[in-house]
file start-v1.txt (compact mmCIF, C-alpha atoms)
# COMPACT_ATOMS: atom_id res chain seq x y z
CA MET D 14 0.00 0.00 0.00
CA PRO D 15 1.48 3.40 -0.91
CA PHE D 16 2.67 5.43 2.03
CA GLU D 17 0.39 8.34 1.34
CA ASP D 18 -2.62 6.03 1.40
CA ALA D 19 -1.59 4.35 4.61
CA PHE D 20 -1.03 7.71 6.28
CA ARG D 21 -3.76 9.85 4.82
CA ALA D 22 -4.09 12.52 7.46
CA GLN D 23 -0.36 12.82 7.96
CA SER D 24 0.85 13.49 4.46
CA ASP D 25 3.93 15.61 4.45
CA PRO D 26 5.11 17.07 1.14
CA TYR D 27 8.72 17.04 2.30
CA LEU D 28 8.74 13.43 3.38
CA LYS D 29 10.74 11.40 0.91
CA MET D 30 8.84 8.14 0.99
CA VAL D 31 5.45 9.48 -0.04
CA ALA D 32 5.13 7.11 -2.95
CA GLU D 33 6.94 4.22 -1.32
CA PRO D 34 4.97 1.12 -0.46
CA VAL D 35 4.62 0.17 3.18
CA MET D 36 3.43 -3.00 4.77
CA VAL D 37 0.08 -2.61 6.42
CA MET D 38 -1.55 -5.10 8.72
CA CYS D 39 -3.75 -5.37 11.76
CA ASN D 40 -2.55 -2.71 14.17
CA HIS D 41 -3.48 -4.69 17.27
CA CYS D 42 -4.93 -1.57 18.82
CA ASP D 43 -4.89 -0.97 22.52
CA ASN D 44 -8.44 0.29 22.13
CA PRO D 45 -9.76 -1.90 19.33
CA PRO D 46 -13.04 -0.82 17.72
CA CYS D 47 -13.52 -4.29 16.24
CA VAL D 48 -13.65 -5.83 19.71
CA ARG D 49 -16.15 -3.27 20.89
CA VAL D 50 -18.66 -4.01 18.14
CA CYS D 51 -18.40 -7.82 18.08
CA PRO D 52 -21.77 -9.14 19.24
CA THR D 53 -20.50 -12.60 20.17
CA GLN D 54 -17.14 -11.73 21.70
CA ALA D 55 -15.54 -13.79 18.98
CA THR D 56 -12.73 -11.27 18.93
CA TRP D 57 -11.05 -9.99 22.01
CA LYS D 58 -7.92 -8.27 23.20
CA ARG D 59 -5.45 -10.51 24.94
CA GLU D 60 -3.53 -9.36 27.95
CA ASP D 61 -0.37 -9.12 25.86
CA GLY D 62 -2.02 -6.70 23.43
CA ILE D 63 -2.80 -9.11 20.61
CA VAL D 64 -6.29 -8.71 19.19
CA ALA D 65 -7.21 -12.35 18.81
CA MET D 66 -10.08 -13.99 17.04
CA ASP D 67 -12.09 -17.16 17.62
CA TRP D 68 -13.30 -18.43 14.27
CA HIS D 69 -15.65 -20.88 15.93
CA ARG D 70 -17.54 -18.15 17.62
CA CYS D 71 -17.69 -15.76 14.68
CA ILE D 72 -21.15 -15.56 13.15
CA GLY D 73 -20.05 -13.57 10.11
CA CYS D 74 -21.99 -10.40 10.86
CA ARG D 75 -19.07 -8.32 9.52
CA TYR D 76 -19.52 -5.57 12.12
CA CYS D 77 -15.80 -5.69 12.80
CA VAL D 78 -15.03 -5.26 9.10
CA ALA D 79 -17.10 -2.10 9.16
CA ALA D 80 -15.65 -0.93 12.46
CA CYS D 81 -11.96 -1.39 11.69
CA PRO D 82 -10.60 1.96 10.52
CA TYR D 83 -7.60 0.23 8.93
CA GLY D 84 -9.45 -2.26 6.74
CA SER D 85 -7.52 -5.03 8.43
CA ARG D 86 -10.26 -7.58 8.52
CA SER D 87 -11.58 -9.63 5.69
CA PHE D 88 -14.59 -11.82 5.27
CA ASN D 89 -14.71 -15.26 3.71
CA TRP D 90 -17.36 -14.74 1.08
CA MET D 91 -17.00 -18.34 -0.02
CA ASP D 92 -15.28 -21.49 1.11
CA PRO D 93 -11.55 -20.68 1.01
CA ARG D 94 -10.34 -24.27 1.17
CA PRO D 95 -10.26 -25.02 -2.57
CA TYR D 96 -8.07 -21.95 -3.05
CA ILE D 97 -5.40 -22.85 -0.54
CA HIS D 98 -2.30 -24.16 -2.28
CA ASN D 99 0.34 -26.10 -0.30
CA ALA D 100 -1.72 -26.10 2.84
CA ASN D 101 0.11 -25.89 6.13
CA THR D 102 -1.24 -28.71 8.26
CA GLU D 103 -0.01 -27.06 11.44
CA PHE D 104 -2.52 -24.25 11.21
CA PRO D 105 -6.29 -24.56 10.92
CA THR D 106 -8.14 -23.55 7.80
CA ARG D 107 -11.21 -21.43 8.16
CA THR D 108 -14.69 -21.89 6.84
CA LYS D 109 -16.84 -19.66 4.69
CA GLY D 110 -18.82 -16.97 6.46
CA VAL D 111 -16.25 -15.98 9.08
CA VAL D 112 -13.98 -12.98 9.38
CA GLU D 113 -10.21 -13.37 9.32
CA LYS D 114 -7.46 -11.21 10.64
CA CYS D 115 -3.78 -11.08 11.47
CA THR D 116 -2.99 -13.16 14.55
CA LEU D 117 0.43 -11.59 15.08
CA CYS D 118 1.54 -15.22 14.84
CA SER D 119 0.36 -15.87 18.38
CA GLU D 120 0.90 -19.60 17.85
CA ARG D 121 4.57 -18.94 17.08
CA LEU D 122 4.90 -16.55 20.01
CA ALA D 123 3.56 -19.26 22.28
CA ALA D 124 6.37 -21.49 21.03
CA GLY D 125 8.92 -18.75 21.63
CA ARG D 126 9.45 -17.82 17.99
CA LEU D 127 9.16 -14.51 16.21
CA PRO D 128 6.27 -13.73 13.88
CA ALA D 129 6.83 -15.06 10.37
CA CYS D 130 6.97 -11.64 8.71
CA VAL D 131 9.68 -10.51 11.13
CA GLU D 132 11.74 -13.62 10.62
CA VAL D 133 11.58 -13.62 6.84
CA CYS D 134 12.39 -9.97 6.10
CA PRO D 135 15.79 -9.77 4.33
CA GLU D 136 16.42 -6.19 5.49
CA LYS D 137 15.33 -6.81 9.08
CA ALA D 138 12.96 -3.92 8.55
CA ILE D 139 10.49 -5.25 11.09
CA VAL D 140 11.38 -5.28 14.76
CA PHE D 141 9.21 -7.14 17.19
CA GLY D 142 9.28 -7.03 20.95
CA ASN D 143 7.77 -6.27 24.30
CA LEU D 144 6.66 -2.65 24.58
CA ALA D 145 6.23 -2.94 28.33
CA ASP D 146 9.92 -3.65 28.82
CA PRO D 147 12.04 -0.48 28.61
CA GLN D 148 15.13 -2.59 27.88
CA SER D 149 13.69 -4.33 24.83
CA ASP D 150 15.10 -3.71 21.36
CA ILE D 151 11.86 -2.25 20.13
CA ARG D 152 11.64 0.26 22.96
CA LYS D 153 15.20 1.35 22.36
CA LEU D 154 14.56 1.71 18.65
CA LEU D 155 11.38 3.69 19.20
CA GLY D 156 13.25 5.90 21.62
CA GLU D 157 15.88 6.74 19.04
CA ARG D 158 13.99 7.08 15.79
CA TYR D 159 11.09 9.21 14.68
CA HIS D 160 8.03 7.08 14.29
CA THR D 161 4.32 7.38 13.71
CA ARG D 162 1.27 5.21 13.77
CA ARG D 163 -1.62 4.91 11.40
CA LYS D 164 -4.55 7.23 12.12
CA PRO D 165 -3.46 8.22 15.61
CA GLU D 166 -6.25 10.79 15.73
CA LEU D 167 -8.80 8.02 16.19
CA GLY D 168 -7.52 7.10 19.63
CA THR D 169 -7.19 3.43 18.80
CA ASN D 170 -3.61 3.43 20.07
CA PRO D 171 -2.07 0.89 17.67
CA SER D 172 0.80 -1.40 18.61
CA ILE D 173 2.33 -1.21 15.14
CA PHE D 174 4.80 1.64 14.74
CA TYR D 175 6.19 2.97 11.49
CA ILE D 176 9.68 4.40 11.54
CA VAL D 177 9.85 7.09 8.89
CA MET V 17 -63.40 -25.58 7.49
CA PHE V 18 -64.65 -25.22 3.94
CA MET V 19 -62.24 -22.55 2.85
CA PHE V 20 -59.68 -24.97 1.51
CA GLU V 21 -62.18 -26.57 -0.81
CA LYS V 22 -62.81 -23.21 -2.38
CA ALA V 23 -59.11 -22.87 -3.04
CA VAL V 24 -58.77 -26.02 -5.09
CA VAL V 25 -61.38 -25.19 -7.65
CA GLY V 26 -60.85 -22.59 -10.29
CA SER V 27 -60.42 -21.81 -13.94
CA SER V 28 -57.28 -22.62 -15.87
CA LYS V 29 -56.36 -18.95 -15.60
CA TYR V 30 -56.50 -19.26 -11.82
CA TRP V 31 -54.24 -22.30 -11.90
CA ALA V 32 -51.79 -20.57 -14.20
CA TRP V 33 -51.53 -17.75 -11.68
CA ILE V 34 -51.03 -20.17 -8.77
CA LEU V 35 -48.32 -22.01 -10.72
CA SER V 36 -46.48 -18.80 -11.46
CA LEU V 37 -46.57 -17.90 -7.75
CA VAL V 38 -45.27 -21.34 -6.81
CA ASP V 39 -42.53 -20.84 -9.38
CA VAL V 40 -41.49 -17.62 -7.68
CA ILE V 41 -41.44 -19.36 -4.31
CA THR V 42 -39.32 -22.29 -5.51
CA THR V 43 -36.90 -20.01 -7.30
CA GLY V 44 -36.46 -17.98 -4.14
CA PHE V 45 -35.97 -21.09 -2.05
CA GLY V 46 -33.48 -22.48 -4.55
CA CYS V 47 -31.51 -19.25 -4.45
CA TYR V 48 -31.53 -19.39 -0.68
CA LEU V 49 -30.16 -22.93 -0.73
CA TYR V 50 -27.48 -21.89 -3.21
CA GLN V 51 -26.41 -19.06 -0.96
CA LEU V 52 -26.41 -21.38 2.01
CA THR V 53 -24.04 -23.81 0.34
CA TYR V 54 -21.83 -21.42 -1.58
CA GLY V 55 -21.61 -18.61 0.93
CA LEU V 56 -22.45 -14.95 0.85
CA GLY V 57 -20.23 -14.57 -2.19
CA VAL V 58 -23.24 -15.08 -4.43
CA THR V 59 -24.47 -11.65 -3.44
CA GLY V 60 -21.47 -10.06 -5.13
CA LEU V 61 -20.96 -7.84 -2.11
CA SER V 62 -17.50 -6.72 -1.19
CA ARG V 63 -15.94 -5.24 1.90
CA ASP V 64 -16.76 -1.74 0.76
CA VAL V 65 -20.48 -2.13 0.30
CA SER V 66 -21.34 -4.75 2.85
CA MET U 2 -67.66 -33.84 10.39
CA ARG U 3 -66.71 -35.40 7.15
CA ASP U 4 -63.07 -34.26 7.41
CA ARG U 5 -62.47 -36.39 10.46
CA PRO U 6 -60.33 -39.06 8.71
CA LEU U 7 -58.26 -36.36 7.05
CA ILE U 8 -57.59 -34.64 10.35
CA TYR U 9 -56.63 -37.84 12.11
CA ALA U 10 -54.33 -38.84 9.28
CA GLY U 11 -52.66 -35.46 9.46
CA LEU U 12 -52.22 -35.76 13.22
CA ALA U 13 -50.70 -39.22 12.81
CA VAL U 14 -48.19 -37.95 10.25
CA PHE U 15 -47.30 -35.05 12.52
CA LEU U 16 -46.75 -37.31 15.51
CA ALA U 17 -44.63 -39.70 13.47
CA LEU U 18 -42.43 -36.86 12.26
CA PHE U 19 -42.27 -35.29 15.68
CA THR U 20 -41.04 -38.45 17.37
CA PHE U 21 -38.73 -39.38 14.49
CA PRO U 22 -35.49 -38.90 16.45
CA LEU U 23 -36.66 -41.36 19.08
CA TRP U 24 -37.59 -43.95 16.47
CA ARG U 25 -34.36 -43.56 14.65
CA ASN U 26 -32.24 -44.02 17.75
CA PHE U 27 -34.33 -47.00 18.75
CA ALA U 28 -33.89 -48.53 15.31
CA ALA U 29 -30.16 -47.84 15.35
CA GLY U 30 -29.85 -49.69 18.63
CA ALA U 31 -28.44 -46.74 20.51
CA THR U 32 -28.39 -47.14 24.26
CA THR U 33 -28.20 -44.67 27.07
CA LYS U 34 -24.87 -46.12 28.11
CA GLY U 35 -22.66 -44.96 25.29
CA PRO U 36 -19.76 -47.07 24.04
CA GLY U 37 -18.03 -47.33 27.41
CA ASP U 38 -14.69 -46.07 28.65
CA VAL U 39 -11.27 -46.96 27.38
CA LEU U 40 -8.90 -46.50 30.25
CA PRO U 41 -5.29 -45.71 29.53
CA ARG U 42 -2.84 -48.47 30.42
CA ASN U 43 0.03 -46.50 31.86
CA ALA U 44 -1.75 -43.75 33.79
CA LYS U 45 -3.64 -44.17 37.01
CA GLU U 46 -5.00 -40.71 37.67
CA CYS U 47 -6.80 -38.03 35.75
CA VAL U 48 -6.94 -34.25 36.05
CA ALA U 49 -10.14 -34.56 38.06
CA PRO U 50 -11.91 -37.35 39.97
CA ALA U 51 -13.37 -40.05 37.77
CA ALA U 52 -16.94 -39.32 38.82
CA TYR U 53 -16.53 -35.69 37.87
CA MET U 54 -14.93 -36.53 34.56
CA ARG U 55 -17.70 -38.95 33.77
CA THR U 56 -20.39 -36.32 34.19
CA SER U 57 -18.68 -33.06 33.35
CA HIS U 58 -15.63 -33.55 31.15
CA MET U 59 -17.07 -31.31 28.46
CA LYS U 60 -17.54 -28.55 30.98
CA LEU U 61 -13.94 -28.97 32.04
CA LEU U 62 -12.77 -28.87 28.44
CA LEU U 63 -14.81 -25.76 27.76
CA ASP U 64 -13.30 -24.12 30.80
CA TRP U 65 -9.82 -25.17 29.68
CA ARG U 66 -10.42 -23.75 26.27
CA ASN U 67 -11.56 -20.40 27.61
CA GLN U 68 -8.67 -20.24 30.06
CA ALA U 69 -6.04 -21.24 27.54
CA VAL U 70 -7.28 -19.39 24.49
CA ARG U 71 -8.71 -16.24 25.98
CA LEU U 72 -6.84 -15.70 29.23
CA ASN U 73 -3.57 -17.37 28.27
CA ASN U 74 -3.70 -19.27 31.53
CA ARG U 75 -2.43 -22.76 30.78
CA GLU U 76 -1.53 -23.95 34.22
CA PHE U 77 -4.18 -26.18 35.70
CA VAL U 78 -3.89 -27.22 39.32
CA ALA U 79 -5.64 -30.53 39.65
CA TYR U 80 -7.55 -31.75 42.67
CA ASN U 81 -4.53 -33.72 43.83
CA GLY U 82 -2.16 -30.80 43.53
CA LYS U 83 -0.52 -31.82 40.30
CA ILE U 84 -0.07 -29.15 37.69
CA TYR U 85 -1.20 -29.89 34.18
CA ASN U 86 -1.00 -28.00 30.92
CA ARG U 87 -4.52 -27.02 29.86
CA SER U 88 -4.48 -28.78 26.52
CA LEU U 89 -6.57 -31.58 25.11
CA THR U 90 -3.90 -32.56 22.62
CA ALA U 91 -0.77 -32.11 24.70
CA THR U 92 -2.10 -33.37 28.01
CA CYS U 93 -5.11 -35.66 27.62
CA LEU U 94 -4.24 -37.28 24.34
CA GLU U 95 -0.46 -37.34 24.28
CA GLN U 96 0.18 -38.17 27.91
CA CYS U 97 -2.49 -40.77 28.57
CA HIS U 98 -5.35 -41.47 26.28
CA GLY U 99 -3.74 -41.87 22.91
CA GLU U 100 -5.68 -41.26 19.77
CA LYS U 101 -8.53 -38.82 19.44
CA ALA U 102 -10.43 -41.35 17.36
CA GLN U 103 -10.56 -43.74 20.31
CA PHE U 104 -10.83 -41.24 23.10
CA CYS U 105 -13.21 -38.61 21.74
CA ASP U 106 -14.83 -39.62 18.52
CA ARG U 107 -16.45 -42.85 19.62
CA CYS U 108 -19.03 -40.85 21.59
CA HIS U 109 -18.71 -37.47 19.95
CA ASN U 110 -19.20 -38.61 16.42
CA GLY U 111 -20.25 -35.22 15.24
CA ARG U 112 -23.95 -35.80 15.02
CA VAL U 113 -26.21 -32.86 15.71
CA GLY U 114 -27.16 -32.47 19.34
CA GLU U 115 -24.10 -34.20 20.69
CA VAL U 116 -21.97 -31.17 21.01
CA LEU U 117 -22.26 -31.20 24.74
CA GLY U 118 -21.06 -34.74 24.98
CA GLN U 119 -24.19 -36.75 25.15
CA PRO U 120 -23.82 -40.18 23.64
CA PRO U 121 -26.54 -41.10 21.16
CA GLY U 122 -29.95 -41.46 22.70
CA ARG U 123 -29.01 -40.10 26.07
CA LYS U 124 -31.48 -37.62 27.45
CA ALA U 125 -30.28 -34.15 28.26
CA ASN U 126 -30.08 -33.69 31.98
CA THR U 127 -28.08 -30.54 32.21
CA GLU U 128 -28.50 -29.94 35.92
CA GLY U 129 -27.14 -33.22 37.16
CA ARG U 130 -24.64 -34.09 34.47
CA GLN U 131 -23.15 -30.86 33.27
CA MET U 132 -22.99 -28.93 36.47
CA MET U 133 -20.74 -29.63 39.36
CA THR U 134 -22.55 -30.02 42.61
CA ARG U 135 -21.94 -27.25 45.07
CA LYS U 136 -20.24 -29.60 47.48
CA SER U 137 -17.74 -30.94 45.00
CA PHE U 138 -17.13 -27.42 43.76
CA LEU U 139 -16.34 -26.22 47.27
CA GLN U 140 -14.12 -29.20 47.88
CA LEU U 141 -12.22 -28.65 44.66
CA THR U 142 -11.86 -24.91 45.14
CA GLY U 143 -10.81 -25.37 48.73
CA ALA U 144 -8.20 -27.90 47.74
CA ALA U 145 -6.95 -25.67 44.95
CA LEU U 146 -6.71 -22.68 47.26
CA VAL U 147 -4.79 -24.58 49.88
CA LEU U 148 -2.48 -25.97 47.23
CA THR U 149 -1.78 -22.61 45.61
CA ALA U 150 -1.12 -21.17 49.01
CA THR U 151 1.31 -23.94 49.88
CA LYS U 152 3.01 -23.55 46.52
CA ARG U 153 3.49 -19.84 47.18
CA VAL U 154 4.95 -20.52 50.59
CA VAL U 155 7.27 -23.19 49.22
CA ASP U 156 8.31 -20.94 46.36
CA ALA U 157 8.96 -18.04 48.69
CA ALA U 158 10.95 -20.21 51.03
CA SER U 159 13.11 -21.63 48.27
CA GLY U 160 13.67 -18.15 46.91
CA THR U 161 12.22 -18.68 43.46
CA VAL U 162 10.04 -15.62 43.84
CA HIS U 163 12.20 -12.58 44.13
CA ALA U 164 11.52 -8.90 43.85
CA ALA U 165 12.40 -8.60 40.18
CA ALA U 166 9.99 -11.32 39.13
CA VAL U 167 7.17 -9.72 41.06
CA ALA U 168 7.75 -6.36 39.44
CA VAL U 169 7.49 -7.73 35.88
CA ARG U 170 4.54 -6.23 34.11
CA PRO U 171 2.52 -8.26 31.63
CA LYS U 172 3.95 -8.40 28.14
CA ARG U 173 2.69 -5.98 25.58
CA TRP U 174 3.70 -7.03 22.10
CA GLY U 175 4.49 -4.39 19.55
CA MET U 176 6.07 -4.08 16.16
CA ALA U 177 8.12 -1.39 14.51
CA ILE U 178 8.33 -1.26 10.73
CA ASP U 179 11.15 0.70 9.18
CA VAL U 180 9.55 2.20 6.09
CA ALA U 181 12.82 3.25 4.48
CA LYS U 182 14.34 -0.21 4.87
CA CYS U 183 11.17 -1.79 3.57
CA ALA U 184 11.15 0.52 0.55
CA ARG U 185 14.70 -0.51 -0.29
CA LEU U 186 13.41 -3.98 -1.13
CA GLU U 187 11.52 -2.98 -4.19
CA GLY U 188 8.59 -5.25 -4.94
CA CYS U 189 9.41 -7.58 -2.08
CA THR U 190 6.39 -9.39 -0.69
CA LYS U 191 8.23 -11.93 1.41
CA CYS U 192 6.55 -10.95 4.66
CA ILE U 193 3.12 -11.25 3.15
CA ASP U 194 3.90 -14.51 1.36
CA ALA U 195 5.33 -16.09 4.49
CA CYS U 196 2.30 -15.07 6.48
CA ASN U 197 -0.16 -16.31 3.90
CA GLN U 198 1.62 -19.61 3.46
CA LEU U 199 1.84 -20.19 7.19
CA HIS U 200 -1.78 -19.39 7.93
CA ASN U 201 -3.47 -21.05 4.99
CA VAL U 202 -4.66 -17.84 3.44
CA PRO U 203 -6.49 -18.63 0.21
CA ARG U 204 -5.84 -17.01 -3.12
CA PHE U 205 -9.16 -16.36 -4.75
CA PRO U 206 -9.19 -16.07 -8.52
CA ILE U 207 -11.20 -12.89 -8.29
CA ALA U 208 -8.91 -10.60 -6.40
CA ASP U 209 -10.21 -9.34 -3.12
CA THR U 210 -7.70 -6.57 -3.51
CA ARG U 211 -8.88 -4.56 -6.47
CA SER U 212 -8.03 -1.48 -4.52
CA ALA U 213 -4.56 -2.54 -3.47
CA GLY U 214 -3.04 0.35 -5.34
CA SER U 215 0.62 -0.47 -5.80
CA GLY U 216 -0.09 -4.17 -5.87
CA LYS U 217 2.22 -4.55 -2.94
CA CYS U 218 -0.40 -6.21 -0.81
CA PRO U 219 -2.06 -9.12 -2.53
CA SER U 220 -2.74 -10.61 0.85
CA ARG U 221 -5.94 -10.90 2.73
CA MET U 222 -4.69 -11.67 6.15
CA PRO U 223 -2.09 -9.15 7.24
CA SER U 224 -3.51 -6.31 5.27
CA ALA U 225 -6.62 -5.57 3.40
CA PRO U 226 -6.45 -2.08 2.09
CA SER U 227 -9.67 -0.22 1.79
CA PRO U 228 -10.29 2.13 -1.08
CA ILE U 229 -12.30 4.37 1.16
CA ARG U 230 -10.09 7.35 1.71
CA THR U 231 -10.38 8.71 5.15

call {"tool": "encode", "arguments": {"input": "start-v1.txt", "output": "structure tokens"}}
result
Amino acid sequence: MPFEDAFRAQSDPYLKMVAEPVMVMCNHCDNPPCVRVCPTQATWKREDGIVAMDWHRCIGCRYCVAACPYGSRSFNWMDPRPYIHNANTEFPTRTKGVVEKCTLCSERLAAGRLPACVEVCPEKAIVFGNLADPQSDIRKLLGERYHTRRKPELGTNPSIFYIV
Amino acid sequence: MFMFEKAVVGSSKYWAWILSLVDVITTGFGCYLYQLTYGLGVTGLSRDVS
Amino acid sequence: MRDRPLIYAGLAVFLALFTFPLWRNFAAGATTKGPGDVLPRNAKECVAPAAYMRTSHMKLLLDWRNQAVRLNNREFVAYNGKIYNRSLTATCLEQCHGEKAQFCDRCHNGRVGEVLGQPPGRKANTEGRQMMTRKSFLQLTGAALVLTATKRVVDAASGTVHAAAVAVRPKRWGMAIDVAKCARLEGCTKCIDACNQLHNVPRFPIADTRSAGSGKCPSRMPSAPSPIRT
């Protein structure tokens, strides 16, 4: 997604990377609107900040899709299983009629590994860590570099920071 | 008690009308079943208009 | 009333349909007993007393699921003080009971109405079977409380709980994306591909991402850009 689209309200004509693409994903907000609107509590905020999702409890009302200001949720309009190539048997597939979202690789975190996107990046452009720990790499990095978050004016308080 | 008997007699025009109504009902039911099996994708909705 | 035979015939059909589940179970030879237990060979004790497991194992599993999935609380202190991992796969199946096909599926064969663990034909008696009695609840909670308390004391005495550990705040995961570094990798979609591959994200022939703009984000899971400009 182009930078200027990801950061609509914060466009800066002097910023160099206006046309550069950035990775956008679920922001795992501290104050998640999707959790507030879910009628079945199928999505909830974990203690560690991850906005998690229970696909068994989702009834496919798509309120969260409408509520998410980042467009980070998607709905399975039809059965996704025929369109999955090289399925990973370690992770469940989902059915039609439920909403999906980024899990921040919580299953890998539980096993003590980094999220897949962090691990695979050749430039190590993505840093992952514990924001509550002042000694963590991510806190140090955020202390040194100028960073922003997507749509901060909404008060959702995202956990995903962009270093610009 | 005798209402139903009145409903099963009628001209061929009447029966043609009833058949066309039944046709509408079955088409609607068939479409419902299709949506049930295929998913909401049959509506052609997308995230922006849902 | 000349419609009398018609009405009685209709009533008979209705009754037959209404009681169909009973007839079908009767014909299928289903009993109220269920297939019977298969006890593991090498283990002598369970996470809860046998009587409780017999009546309420689904309640326990539901509680485990909520604790593990929602509250990230995997440590289960059993009635006898042992600590188990709250996991059907890792604890129940792998440690004692073996295959899911033998242990779960013989009763819970996926038929409608058996979600709560009632073997075919068994009548629902939610009060007695699903709920713990108050007495057993008090006994269990009391035991658990005493045990946690003793564990604390033992821990404190052996010095495993020290000031630093107490002061640790809960984790709060976060991510920082360096836009300039990311932009250096022109056209790279490795993060998205890895995520999609790992999480079984489908690739629909009609793109869900018409509005993706640069085409950088063909994914559905980590990102789903909206064309609505806000």

call {"tool": "atom_distance", "arguments": {"input": "start-v1.txt", "atom1": "CA of Leu154 (chain D)", "atom2": "CA of Ser172 (chain D)"}}
result
14.1 Å

call {"tool": "atom_distance", "arguments": {"input": "start-v1.txt", "atom1": "CA of Ala17 (chain U)", "atom2": "CA of Lys22 (chain V)"}}
result
29.2 Å

call {"tool": "atom_distance", "arguments": {"input": "start-v1.txt", "atom1": "CA of Ala195 (chain U)", "atom2": "CA of Lys114 (chain D)"}}
result
15.0 Å

call {"tool": "residues_around", "arguments": {"input": "start-v1.txt", "residues": "region 155-158 of chain D", "least_positions_apart": "6", "cutoff": "9 Å", "atoms": "all atoms listed in the file", "output": "MDAnalysis selection string"}}
result
(chainID D and resid 174 176:177) or (chainID U and resid 177)

call {"tool": "interface_residues", "arguments": {"input": "start-v1.txt", "of": "chain V", "to": "chain U", "cutoff": "12 Å", "atoms": "all atoms listed in the file", "output": "number ranges by chain"}}
result
V: 17-18, 20-21, 57, 60-65

call {"tool": "interface_residues", "arguments": {"input": "start-v1.txt", "of": "chain D", "to": "chain V", "cutoff": "12 Å", "atoms": "all atoms listed in the file", "output": "PyMOL selection string"}}
result
chain D and resi 73-81+84-93+108-112

call {"tool": "closest_residue", "arguments": {"input": "start-v1.txt", "among": "D:Arg70, D:Arg21, D:Lys153, D:Arg49", "to": "chain U", "atoms": "all atoms listed in the file"}}
result
D:Arg21

call {"tool": "closest_residue", "arguments": {"input": "start-v1.txt", "among": "D:Thr106, D:Thr116, D:Ser149, D:Thr169", "to": "Cys39 (chain D)", "atoms": "all atoms listed in the file"}}
result
D:Thr116

call {"tool": "closest_residue", "arguments": {"input": "start-v1.txt", "among": "D:Asn40, D:Gln23, D:Asn143, D:Ser119", "to": "chain U", "atoms": "all atoms listed in the file"}}
result
D:Asn143

call {"tool": "closest_residue", "arguments": {"input": "start-v1.txt", "among": "U:Leu16, U:Met176, U:Leu186, U:Cys97", "to": "Lys45 (chain U)", "atoms": "only C-alpha atoms"}}
result
U:Cys97

call {"tool": "residues_around", "arguments": {"input": "start-v1.txt", "residues": "Arg66 (chain U)", "least_positions_apart": "2", "cutoff": "12 Å", "atoms": "all atoms listed in the file", "output": "list in words"}}
result
Asp67 and His69 of chain D; Met59, Lys60, Leu61, Leu62, Leu63, Asp64, Gln68, Ala69, Val70, Arg71, Leu72, Asn73, Asn74, Arg75, Glu76, Phe77, Asn86, Arg87, Ser88, Leu89 and Thr90 of chain U

call {"tool": "residues_around", "arguments": {"input": "start-v1.txt", "residues": "Arg152 (chain D)", "least_positions_apart": "6", "cutoff": "10 Å", "atoms": "only C-alpha atoms", "output": "PyMOL selection string"}}
result
(chain D and resi 140-146) or (chain U and resi 175-177)
